[in-house]
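Written out below as structure tokens is the structure these notes cover.
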Amino acid sequence: MYIVTAKEMYDLDRYAMDEIGLDGRLLMENAGRAVADQIESELSLSDGILVLIGKGNNGGDGFVIARTLLQRGYDVTAVQMVPSSKIEGDAAYHRKLLLSMGYSFVQYDGQESLEKLCDQNSIIVDAMLGIGVKGEIRSPYREAIQTVNASPTHTISVDLPSGVPADEGVEVNQAVKADRTVVIQYPKLSAYFQYTATFYGEWKTVDIGLPAPSQHKRSFYGKAQVQSTFPTRNSFSHKGKHGKGLVIGGASTMPGSVGLTSRAALRGGAGLLTLATVPSVIQALASSTLEATYISLQDLNGYILDVKGLDLSYDGIAIGMGMGRHEEAVQVLQKVLQKASCPVVIDADGLYALEKDTSILDDRDGPSILTPHPGEMAHLLGVSIPELLSKPFAYTRSFAEKHHVFIVLKGAFTIITNPEGEQWVTDTGNPGLAKGGSGDALSGILLAYIMQDQTIGDALCNGTWIHGYTAELLTAERHSEHDLLANDIIEGLAQTYRTLSL
Ligand SMILES: NC(=O)C1=CN([C@@H]2O[C@H](COP(=O)(O)OP(=O)(O)OC[C@H]3O[C@@H](n4cnc5c(N)ncnc54)[C@H](O)[C@@H]3O)[C@@H](O)[C@H]2O)[C@@H](O)CC1
Ligand SMILES: Nc1ncnc2c1ncn2[C@@H]1O[C@H](COP(=O)(O)OP(=O)(O)O)[C@@H](O)[C@H]1O
Ligand SMILES: [K+]
């Protein structure tokens with residue numbers, strides 16, 4: 001499923017009309033009918049339906065919805081928010097059609113009467129503003145949005161909750177807080193932002209017959225993609241076929257992080273796993289992480305001092321977890337990135353070490369994979385976290401393209417970007433993962449997957465999806481969002497693989 005900006009949606013619309021010959025009025029009919037079908041699944045004939053119709057094409061969809069539901073025998077009150085003279089184009093055509101069929105609408109005449117209508121009806125259909133919204137919300141929408149939000153009546157928005165922009169980087173000053181949104185054809189970026197996602201309520205897309213974008217820019221990555229790309233194990237495979245991985249990190253005060261990464265890589269499916277760390281960490285982990293082998297690195301005050309002489313000929317490396325933020329960590333990271341030619345996952349303190357000189361990424365032979373949470377990404381970019389979160393797609397894409405790296409920007413929606421700037425979003429997981437150690441486990445899973453038979457992009461998407469899905473499975477049964485630990489995720493991978501028959 002593609003995720004689009006307003007411009008991309010308008011371009012598709014134009015392409016469909018000008019190049020394919022699909023009439024805009026037909027697209028609007030398809031949109032309105034598809035939304036009406038969705039709404040109808042929630043209705044009974046006794047329900048009163050209030051349709052709020054704006055000036056543009058979102059309002060045009062509203063005229064089709066009102067006509068379709070009236071034709072099907074429902075009790076519909078359609079309210080036109082602006083004078084008839086202001087309605088143009090395809091929306092005016094559908095307005096006329098509603099009237100020609102013998103139905104009528106009422107003209108909006110202020111907040112007080114709208115308040116009454118909201119209370120008298122069982123469902124509000126919000127078709128006031130769509131992807132064309134710009135700037136501060138003006139009258140009469142401003143008051144109407146306040147009224148709708150103040151009413152307890154169940155609200156279903158068309159395409160977007162009115163007032164929510166399609167794109168990133170736009171502040172939302174006022175918008176409908178929908179219970180549900182029926183999204184036309186493709187979800188818009190704002191459905192995946194922390195600041196705007198909650199306005200949508202639950203949402204679903206409907207197909208109106210638009211073509212697919214000619215170029216892949218962004219899409220949603222879900223269960224179907226995991227199941228179609230996840231590699232199967234050949235009966236004749238051996239441990240050498242599933243990747244020889246190396247984890248570099250840990251410090252005497254943080255032995256757990258690399259322990260989690262190593263165990264997650266093994267449970268994730270790595271064939272062989274070596275942990276290079278300081279002696280005290282080896283002591284702490286050797287009896288619990290039996291399947292790993294260990295390389296003892298020189299230690300200074302409990303931190304890794306150097307990686308001199310460390311053989312880096314592995315199929316994949318994960319570096320940075322629990323490594324500490326000291327000057328030597330910068331040298332360690334730089335040496336590893338310079339010498340290793342395999343894919344390297346850089347996480348946690350490795351990202352802080354990277355901040356000193358990101359140009360080191362540019363000259364690497366092998367792929368680099370950065371797995372920041374928003375704090376780490378903002379730090380790398382030198383912007384504030386709110387600034388990053390207002391444009392996460394744009395910021396990560398430009399960094400990935402500039403340094404030719406993969407980025408996994410973690411969060412409730414995780415954005416995966418490849419060096420060409422293509423992006424995918426996964427939405428699995430829950431607040432049970434908001435706990436120290438979850439990221440370490442994810443790094444291990446990603447290390448295991450980049451060494452299997454799949455593209456790095458698929459490996460990263462599969463890894464983040466499975467990490468989050470495992471949290472969902474576990475909190476639905478044995479655990480809660482309060483008690484869930486990173487180690488539970490690692491042990492829970494078994495259940496995920498079995499549930500999905502992977
Ligand atoms: N492929 C497509 O793009 C399709 C789009 N359709 C619908 O059309 C919508 C887009 O239509 P439009 O481009 O007409 O956009 P809108 O329906 O969002 O309307 C834009 C109009 O709203 C007013 N407006 C914008 N910002 C405002 C503000 N801050 N305060 C007050 N008034 C404001 C302006 O008059 C502007 O012209 C989509 O969201 C979707 O619902 C469907 O009908 C079919 C196909
Ligand atoms: N509220 C949430 N919903 C879904 N996933 C979450 C949520 N909070 C955290 N996560 C996931 O948990 C992981 C946390 O990673 P990170 O912040 O690096 O943790 P750590 O500090 O333990 O390394 C990421 O994969 C992130 O996507
Ligand atoms: K709307």
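Lettering and numbering for the structure tokens are positional, with chains as A, B, ... in the shown order, residues counted from 1 in each chain, and ligands counted from 1 in the shown order.
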| Counting only C-alpha atoms and all ligand atoms, which protein, DNA or RNA residues come within 10 Å of ligand 2, given as JSON, numbers by chain? | {"A": [257, 260, 261, 321, 322, 347, 348, 349, 371, 372, 373, 374, 375, 376, 408, 409, 410, 411, 412, 413, 414, 415, 426, 427, 428, 429, 430, 431, 432, 433, 434, 435, 436, 437, 438, 439, 440, 441, 442, 443, 463, 464, 465, 467, 468, 469, 471, 472, 481, 485, 486]}
*asked:* Give me, as a ChimeraX atom specification, the set of residues whose atoms come within 9 Å of any atom of ligand 1, counting only C-alpha atoms and all ligand atoms.
replied: /A:6-14,16,24-32,54-62,86,90-91,127-142,158-160,162-163,165-166,183-185,208,210
- Do you know which residues are at most 7 Å from A:Val51 counting only C-alpha atoms, after dropping those on the same chain fewer than 5 positions away, and could you put them as a list in words?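 Listing them by chain and then by number gives Gly62, Ala66, Thr77, Ala78, Val79, Ile124, Val125, Asp126 and Ala127 of chain A.
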Residues from last step as file, N, CA and C atoms, as a PDB file, in the first residue's frame:
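For reference, part_4.pdb as written:
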ATOM      1  N   GLY A  62     -18.863  14.159  -0.434  1.00  0.00           N
ATOM      2  CA  GLY A  62     -19.974  14.235   0.516  1.00  0.00           C
ATOM      3  C   GLY A  62     -21.330  14.225  -0.193  1.00  0.00           C
ATOM      4  N   ALA A  66     -24.160  11.384   0.416  1.00  0.00           N
ATOM      5  CA  ALA A  66     -25.525  11.726   0.821  1.00  0.00           C
ATOM      6  C   ALA A  66     -26.536  11.117  -0.162  1.00  0.00           C
ATOM      7  N   THR A  77     -29.356  13.952   6.543  1.00  0.00           N
ATOM      8  CA  THR A  77     -29.421  15.408   6.447  1.00  0.00           C
ATOM      9  C   THR A  77     -28.081  15.879   5.894  1.00  0.00           C
ATOM     10  N   ALA A  78     -28.121  16.489   4.711  1.00  0.00           N
ATOM     11  CA  ALA A  78     -26.880  17.004   4.115  1.00  0.00           C
ATOM     12  C   ALA A  78     -26.803  18.498   4.392  1.00  0.00           C
ATOM     13  N   VAL A  79     -25.663  18.936   4.931  1.00  0.00           N
ATOM     14  CA  VAL A  79     -25.487  20.369   5.215  1.00  0.00           C
ATOM     15  C   VAL A  79     -24.375  20.911   4.324  1.00  0.00           C
ATOM     16  N   ILE A 124     -22.038  11.454  12.249  1.00  0.00           N
ATOM     17  CA  ILE A 124     -21.643  12.646  11.485  1.00  0.00           C
ATOM     18  C   ILE A 124     -20.648  12.189  10.424  1.00  0.00           C
ATOM     19  N   VAL A 125     -20.928  12.541   9.174  1.00  0.00           N
ATOM     20  CA  VAL A 125     -19.960  12.255   8.112  1.00  0.00           C
ATOM     21  C   VAL A 125     -19.271  13.570   7.781  1.00  0.00           C
ATOM     22  N   ASP A 126     -17.963  13.610   8.021  1.00  0.00           N
ATOM     23  CA  ASP A 126     -17.196  14.845   7.856  1.00  0.00           C
ATOM     24  C   ASP A 126     -16.569  14.875   6.464  1.00  0.00           C
ATOM     25  N   ALA A 127     -17.230  15.599   5.550  1.00  0.00           N
ATOM     26  CA  ALA A 127     -16.696  15.768   4.191  1.00  0.00           C
ATOM     27  C   ALA A 127     -16.475  17.262   3.943  1.00  0.00           C
TER      28      ALA A 127
END
Which of A:His479, A:Lys177, A:Lys244, A:His326 sits closest to ligand 3 [using only C-alpha atoms and all ligand atoms]:
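Result for the nearest residue to ligand 3: A:Lys177.
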**Item:** DSSP-assigned strand (DSSP E or B) among stretch 101-306 of chain A, expressed as an MDAnalysis selection string
**Value:** chainID A and resid 106:107 123:127 154:158 180:184 188 202:206 218:220 244:248 251 254 272:277 293:296 299:300 303:304
Original post:
Smallest atom-to-atom distance to ligand 3: which of A:Val164, A:Asn121, A:Lys116, A:Ile39, using only C-alpha atoms and all ligand atoms?
Top reply: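 Using only C-alpha atoms and all ligand atoms, ligand 3 sits closest to A:Val164.
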Among the residues A:Val176, A:Leu22, A:Ile65, A:Ala340, the one that comes closest to ligand 3 [using only C-alpha atoms and all ligand atoms]: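 Smallest separation from ligand 3 among the options: A:Val176.
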Residues within 8 Å of A:Cys342, please, as a PDB file with C-alpha atoms, in the first residue's frame. Count only C-alpha atoms; anything in the same chain fewer than 6 positions from it doesn't count.
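The result, written out as result07.pdb:
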ATOM      1  CA  SER A 313      35.541 -10.815   7.952  1.00  0.00           C
ATOM      2  CA  TYR A 314      31.952 -11.577   8.945  1.00  0.00           C
ATOM      3  CA  ASP A 315      28.672 -11.624   7.022  1.00  0.00           C
ATOM      4  CA  GLY A 316      27.274  -8.872   9.211  1.00  0.00           C
ATOM      5  CA  ILE A 317      28.261  -6.718  12.191  1.00  0.00           C
ATOM      6  CA  ASP A 365      32.551  -0.486   0.822  1.00  0.00           C
ATOM      7  CA  GLY A 366      29.646  -2.323   2.474  1.00  0.00           C
ATOM      8  CA  PRO A 367      26.143  -1.154   3.390  1.00  0.00           C
TER       9      PRO A 367
END
Stretch 235-433 of chain A: residues DSSP assigns to helix (DSSP H, G or I), reported as a PyMOL selection string = chain A and resi 239-242+255-268+279-285+327-339+349-354+358-361+374-381+385-390+392-403+431-433
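Proximity to ligand 3 was assessed for A:Met254, A:Leu370, A:Val64, A:Leu52 counting only C-alpha atoms and all ligand atoms; the smallest distance is recorded for A:Leu52.
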The residue from A:Gly271, A:Pro255, A:Pro343, A:Gly444 with the smallest atom-to-atom distance to A:Ile304, counting only C-alpha atoms, is A:Pro255
Spatial neighbours of A:Tyr221, 9 Å, only C-alpha atoms, chain gap at least 3 places, as a count of residues only: 11
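Going from atom CA of A:Leu305 over to atom CA of A:Leu380, you cover 23.3 Å.
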| When distances are computed from only C-alpha atoms and all ligand atoms, which of A:Tyr74, A:Tyr352, A:Phe236, A:Tyr200 shows the smallest separation from ligand 3? |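 When distances to ligand 3 are compared using only C-alpha atoms and all ligand atoms, the smallest one comes from A:Tyr200.
We find atom CA of A:Gly249 and atom CA of A:Leu310 to be spaced 13.0 Å apart.
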